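S.K.: Below is the file model_13.cif, which contains mmCIF, C-alpha atoms.
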data_query
loop_
_atom_site.group_PDB
_atom_site.id
_atom_site.type_symbol
_atom_site.label_atom_id
_atom_site.label_comp_id
_atom_site.auth_asym_id
_atom_site.auth_seq_id
_atom_site.Cartn_x
_atom_site.Cartn_y
_atom_site.Cartn_z
ATOM 1 C CA MET A 1081 4.142 -17.398 -69.427
ATOM 2 C CA ASP A 1082 4.898 -15.918 -66.045
ATOM 3 C CA ALA A 1083 3.671 -12.546 -64.786
ATOM 4 C CA THR A 1084 7.021 -10.783 -65.162
ATOM 5 C CA GLN A 1085 7.364 -11.855 -68.781
ATOM 6 C CA ALA A 1086 3.759 -10.842 -69.525
ATOM 7 C CA LEU A 1087 4.479 -7.311 -68.273
ATOM 8 C CA ALA A 1088 7.749 -7.157 -70.211
ATOM 9 C CA ASP A 1089 5.849 -8.112 -73.363
ATOM 10 C CA LEU A 1090 3.148 -5.546 -72.560
ATOM 11 C CA THR A 1091 5.583 -2.655 -72.294
ATOM 12 C CA GLU A 1092 7.358 -3.804 -75.444
ATOM 13 C CA ILE A 1093 4.209 -3.870 -77.601
ATOM 14 C CA SER A 1094 2.295 -1.005 -76.002
ATOM 15 C CA SER A 1095 4.232 2.232 -76.286
ATOM 16 C CA GLN A 1096 1.469 4.043 -74.396
ATOM 17 C CA VAL A 1097 1.927 2.065 -71.170
ATOM 18 C CA GLU A 1098 4.422 3.789 -68.893
ATOM 19 C CA ALA A 1099 4.146 1.488 -65.858
ATOM 20 C CA ALA A 1100 2.143 -1.613 -65.038
ATOM 21 C CA VAL A 1101 1.462 -3.897 -62.106
ATOM 22 C CA LEU A 1102 -0.221 -7.297 -61.817
ATOM 23 C CA PHE A 1103 -1.868 -7.962 -58.463
ATOM 24 C CA ASP A 1104 -4.561 -9.999 -56.752
ATOM 25 C CA GLU A 1105 -7.817 -8.949 -55.118
ATOM 26 C CA GLY A 1106 -6.023 -8.539 -51.787
ATOM 27 C CA GLY A 1107 -3.502 -6.150 -53.328
ATOM 28 C CA ALA A 1108 -0.537 -8.553 -53.337
ATOM 29 C CA VAL A 1109 1.745 -7.657 -56.241
ATOM 30 C CA ALA A 1110 2.676 -10.569 -58.519
ATOM 31 C CA ALA A 1111 4.820 -8.524 -60.918
ATOM 32 C CA SER A 1112 5.547 -4.920 -61.759
ATOM 33 C CA THR A 1113 7.473 -2.828 -64.256
ATOM 34 C CA LEU A 1114 8.365 -0.433 -61.456
ATOM 35 C CA SER A 1115 11.775 -0.879 -59.819
ATOM 36 C CA ASP A 1116 10.489 0.293 -56.440
ATOM 37 C CA ASP A 1117 8.396 -2.271 -54.539
ATOM 38 C CA ALA A 1118 6.708 0.466 -52.500
ATOM 39 C CA ALA A 1119 5.629 2.281 -55.676
ATOM 40 C CA ALA A 1120 4.290 -0.984 -57.135
ATOM 41 C CA ALA A 1121 2.317 -1.671 -53.948
ATOM 42 C CA ALA A 1122 0.965 1.891 -53.950
ATOM 43 C CA LEU A 1123 -0.184 1.589 -57.573
ATOM 44 C CA ALA A 1124 -1.845 -1.761 -56.844
ATOM 45 C CA HIS A 1125 -3.573 -0.330 -53.769
ATOM 46 C CA ALA A 1126 -4.819 2.778 -55.594
ATOM 47 C CA ALA A 1127 -5.992 0.701 -58.578
ATOM 48 C CA GLY A 1128 -7.801 -1.714 -56.278
ATOM 49 C CA ARG A 1129 -9.593 1.177 -54.576
ATOM 50 C CA LEU A 1130 -10.530 2.599 -57.964
ATOM 51 C CA LEU A 1131 -12.116 -0.728 -58.947
ATOM 52 C CA ASP A 1132 -13.893 -0.965 -55.578
ATOM 53 C CA ARG A 1133 -15.352 2.523 -56.038
ATOM 54 C CA ALA A 1134 -16.513 1.605 -59.544
ATOM 55 C CA GLY A 1135 -18.595 -1.248 -58.128
ATOM 56 C CA ALA A 1136 -18.568 -5.028 -57.980
ATOM 57 C CA ASN A 1137 -19.681 -5.410 -61.605
ATOM 58 C CA ALA A 1138 -16.979 -3.152 -63.079
ATOM 59 C CA THR A 1139 -14.392 -5.121 -65.040
ATOM 60 C CA GLN A 1140 -12.394 -2.175 -66.354
ATOM 61 C CA VAL A 1141 -11.902 1.426 -65.307
ATOM 62 C CA GLU A 1142 -10.033 4.413 -66.688
ATOM 63 C CA ALA A 1143 -9.297 7.527 -64.680
ATOM 64 C CA ALA A 1144 -8.028 10.356 -66.886
ATOM 65 C CA THR A 1145 -6.502 13.748 -66.148
ATOM 66 C CA PRO A 1146 -4.820 16.221 -68.502
ATOM 67 C CA ASP A 1147 -1.456 14.758 -67.373
ATOM 68 C CA GLY A 1148 -2.255 11.079 -67.992
ATOM 69 C CA SER A 1149 -4.467 8.098 -67.270
ATOM 70 C CA VAL A 1150 -4.687 5.075 -65.028
ATOM 71 C CA PHE A 1151 -6.262 1.896 -66.409
ATOM 72 C CA VAL A 1152 -7.415 -1.061 -64.330
ATOM 73 C CA VAL A 1153 -8.767 -4.415 -65.520
ATOM 74 C CA ARG A 1154 -10.269 -7.117 -63.315
ATOM 75 C CA GLU A 1155 -10.644 -10.762 -64.275
ATOM 76 C CA GLY A 1156 -11.723 -13.034 -61.438
ATOM 77 C CA SER A 1157 -9.354 -12.490 -58.531
ATOM 78 C CA ARG A 1158 -6.582 -11.102 -60.733
ATOM 79 C CA ARG A 1159 -6.040 -7.479 -61.648
ATOM 80 C CA ILE A 1160 -3.729 -5.407 -63.810
ATOM 81 C CA ALA A 1161 -3.194 -1.665 -63.655
ATOM 82 C CA ALA A 1162 -1.203 0.621 -65.923
ATOM 83 C CA THR A 1163 -0.381 4.271 -66.235
ATOM 84 C CA ALA A 1164 -0.221 6.125 -69.542
ATOM 85 C CA GLY A 1165 0.514 9.648 -70.673
ATOM 86 C CA PRO A 1166 -2.077 12.144 -71.900
ATOM 87 C CA ASP A 1167 -4.591 11.158 -74.589
ATOM 88 C CA PRO A 1168 -3.943 7.410 -74.840
ATOM 89 C CA THR A 1169 -5.860 5.206 -77.246
ATOM 90 C CA THR A 1170 -8.182 3.838 -74.564
ATOM 91 C CA GLY A 1171 -9.515 0.796 -76.410
ATOM 92 C CA LEU A 1172 -6.032 -0.312 -77.396
ATOM 93 C CA VAL A 1173 -4.653 0.052 -73.868
ATOM 94 C CA PHE A 1174 -7.548 -1.990 -72.453
ATOM 95 C CA TYR A 1175 -6.989 -4.654 -75.129
ATOM 96 C CA ASP A 1176 -3.274 -4.834 -74.324
ATOM 97 C CA LEU A 1177 -3.961 -5.056 -70.577
ATOM 98 C CA LYS A 1178 -6.473 -7.866 -71.032
ATOM 99 C CA SER A 1179 -3.991 -9.739 -73.231
ATOM 100 C CA ALA A 1180 -1.218 -9.335 -70.645
ATOM 101 C CA LEU A 1181 -3.527 -10.525 -67.871
ATOM 102 C CA ARG A 1182 -4.429 -13.582 -69.929
ATOM 103 C CA ASP A 1183 -0.769 -14.242 -70.780
ATOM 104 C CA ALA A 1184 0.194 -14.052 -67.103
ATOM 105 C CA GLU A 1185 -2.326 -16.689 -66.116
ATOM 106 C CA PRO A 1186 -0.609 -19.772 -64.726
ATOM 107 C CA PRO A 1187 -1.075 -22.828 -66.925
ATOM 108 C CA LYS A 1188 -3.979 -24.977 -65.899
ATOM 109 C CA ARG A 1189 -3.020 -28.381 -64.649
ATOM 110 C CA ARG A 1190 -4.406 -31.255 -66.559
ATOM 111 C CA ARG A 1191 -6.089 -33.908 -64.567
ATOM 112 C CA ALA A 1192 -4.431 -37.247 -64.975
ATOM 113 C CA ARG A 1193 -6.668 -39.790 -66.599
ATOM 114 C CA LYS A 1194 -7.347 -42.791 -64.536
ATOM 115 C CA ALA A 1195 -5.947 -45.925 -66.144
ATOM 116 C CA THR A 1196 -8.450 -48.678 -66.643
ATOM 117 C CA ASP A 1197 -7.568 -52.310 -66.735
ATOM 118 C CA GLU A 1198 -8.739 -54.228 -69.720
ATOM 119 C CA ALA A 1199 -8.702 -57.914 -69.009
#
Starting from the file, lay out its structure as structure tokens.
M.R.:
Amino acid sequence: MDATQALADLTEISSQVEAAVLFDEGGAVAASTLSDDAAAAALAHAAGRLLDRAGANATQVEAATPDGSVFVVREGSRRIAATAGPDPTTGLVFYDLKSALRDAEPPKRRRARKATDEA
């Protein structure tokens, strides 16, 4: 599944997610639910900084205010961030984000087996 479809599925199954962005460790946006590219880049940048501030070993972060939350998940060089309204079900949002990140992973190429001659 591609990144755009993974985010479409995420917002369909997770009513708590208001906006989401998939991006890499350099901040390059692969897909977003936001219609504005600048807003998607800003969310990716802010989420990346949030992960950086949490430390190299942090794999997920939530920043919550009375008005809503931002969630960020890191897996290797790939990241996903989402915004949610007040009082989200944190564990469920993290689960949905991890699933979307996994779903957006490009398929691994199979190595062709070397043919052997049997004589």
S.K.: Evaluate the PyMOL selection byres ((chain A and resi 1181) around 9) and record the selected residues as a PyMOL selection string, following the chain and residue labels used in the document.
M.R.: chain A and resi 1083+1086-1087+1102+1153-1155+1158-1160+1176-1180+1182-1185
S.K.: Just C-alpha atoms for this one: save the residues we selected as a PDB file, keeping the file's coordinate frame.
M.R.:
ATOM      1  CA  ALA A1083       3.671 -12.546 -64.786  1.00  0.00           C
ATOM      2  CA  ALA A1086       3.759 -10.842 -69.525  1.00  0.00           C
ATOM      3  CA  LEU A1087       4.479  -7.311 -68.273  1.00  0.00           C
ATOM      4  CA  LEU A1102      -0.221  -7.297 -61.817  1.00  0.00           C
ATOM      5  CA  VAL A1153      -8.767  -4.415 -65.520  1.00  0.00           C
ATOM      6  CA  ARG A1154     -10.269  -7.117 -63.315  1.00  0.00           C
ATOM      7  CA  GLU A1155     -10.644 -10.762 -64.275  1.00  0.00           C
ATOM      8  CA  ARG A1158      -6.582 -11.102 -60.733  1.00  0.00           C
ATOM      9  CA  ARG A1159      -6.040  -7.479 -61.648  1.00  0.00           C
ATOM     10  CA  ILE A1160      -3.729  -5.407 -63.810  1.00  0.00           C
ATOM     11  CA  ASP A1176      -3.274  -4.834 -74.324  1.00  0.00           C
ATOM     12  CA  LEU A1177      -3.961  -5.056 -70.577  1.00  0.00           C
ATOM     13  CA  LYS A1178      -6.473  -7.866 -71.032  1.00  0.00           C
ATOM     14  CA  SER A1179      -3.991  -9.739 -73.231  1.00  0.00           C
ATOM     15  CA  ALA A1180      -1.218  -9.335 -70.645  1.00  0.00           C
ATOM     16  CA  ARG A1182      -4.429 -13.582 -69.929  1.00  0.00           C
ATOM     17  CA  ASP A1183      -0.769 -14.242 -70.780  1.00  0.00           C
ATOM     18  CA  ALA A1184       0.194 -14.052 -67.103  1.00  0.00           C
ATOM     19  CA  GLU A1185      -2.326 -16.689 -66.116  1.00  0.00           C
TER      20      GLU A1185
END
S.K.: What do you get, as a list in words, if you spell out every residue that the PyMOL selection byres ((chain A and resi 1149-1152) around 7) selects here?
M.R.: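 Against this file, the PyMOL selection byres ((chain A and resi 1149-1152) around 7) returns the residues Ala1127, Gln1140, Val1141, Glu1142, Ala1143, Ala1144, Thr1145, Gly1148, Val1153, Arg1154, Ile1160, Ala1161, Ala1162, Thr1163, Ala1164, Gly1165 and Pro1166 of chain A.
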S.K.: Have a look at A:Ala1118, A:Tyr1175, A:Glu1105, A:Asp1089 and name the one nearest to Asp1132 (chain A); count all atoms listed in the file.
M.R.: A:Glu1105
S.K.: Please determine, counting all atoms listed in the file, which residue among A:Leu1130, A:Val1173, A:Leu1123, A:Val1097 has the shortest atom-to-atom distance to Ala1111 (chain A).
M.R.: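 Among the listed residues, the smallest separation from Ala1111 (chain A) belongs to A:Leu1123.
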S.K.: CA of Asp1116 (chain A) and CA of Gly1135 (chain A) are how many Å apart?
M.R.: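 Result for CA of Asp1116 (chain A) versus CA of Gly1135 (chain A): 29.2 Å, one decimal.
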S.K.: Which distance in Å separates CA of Val1109 (chain A) and CA of Asp1167 (chain A), to one decimal?
M.R.: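 Between these atoms lies a distance of 27.0 Å.
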S.K.: Go through A:Ser1094, A:Asn1137, A:Ser1115, A:Thr1084 and flag the residue nearest Gly1156 (chain A), using only C-alpha atoms for the distances.
M.R.: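 Using only C-alpha atoms, the shortest distance to Gly1156 (chain A) belongs to A:Asn1137.
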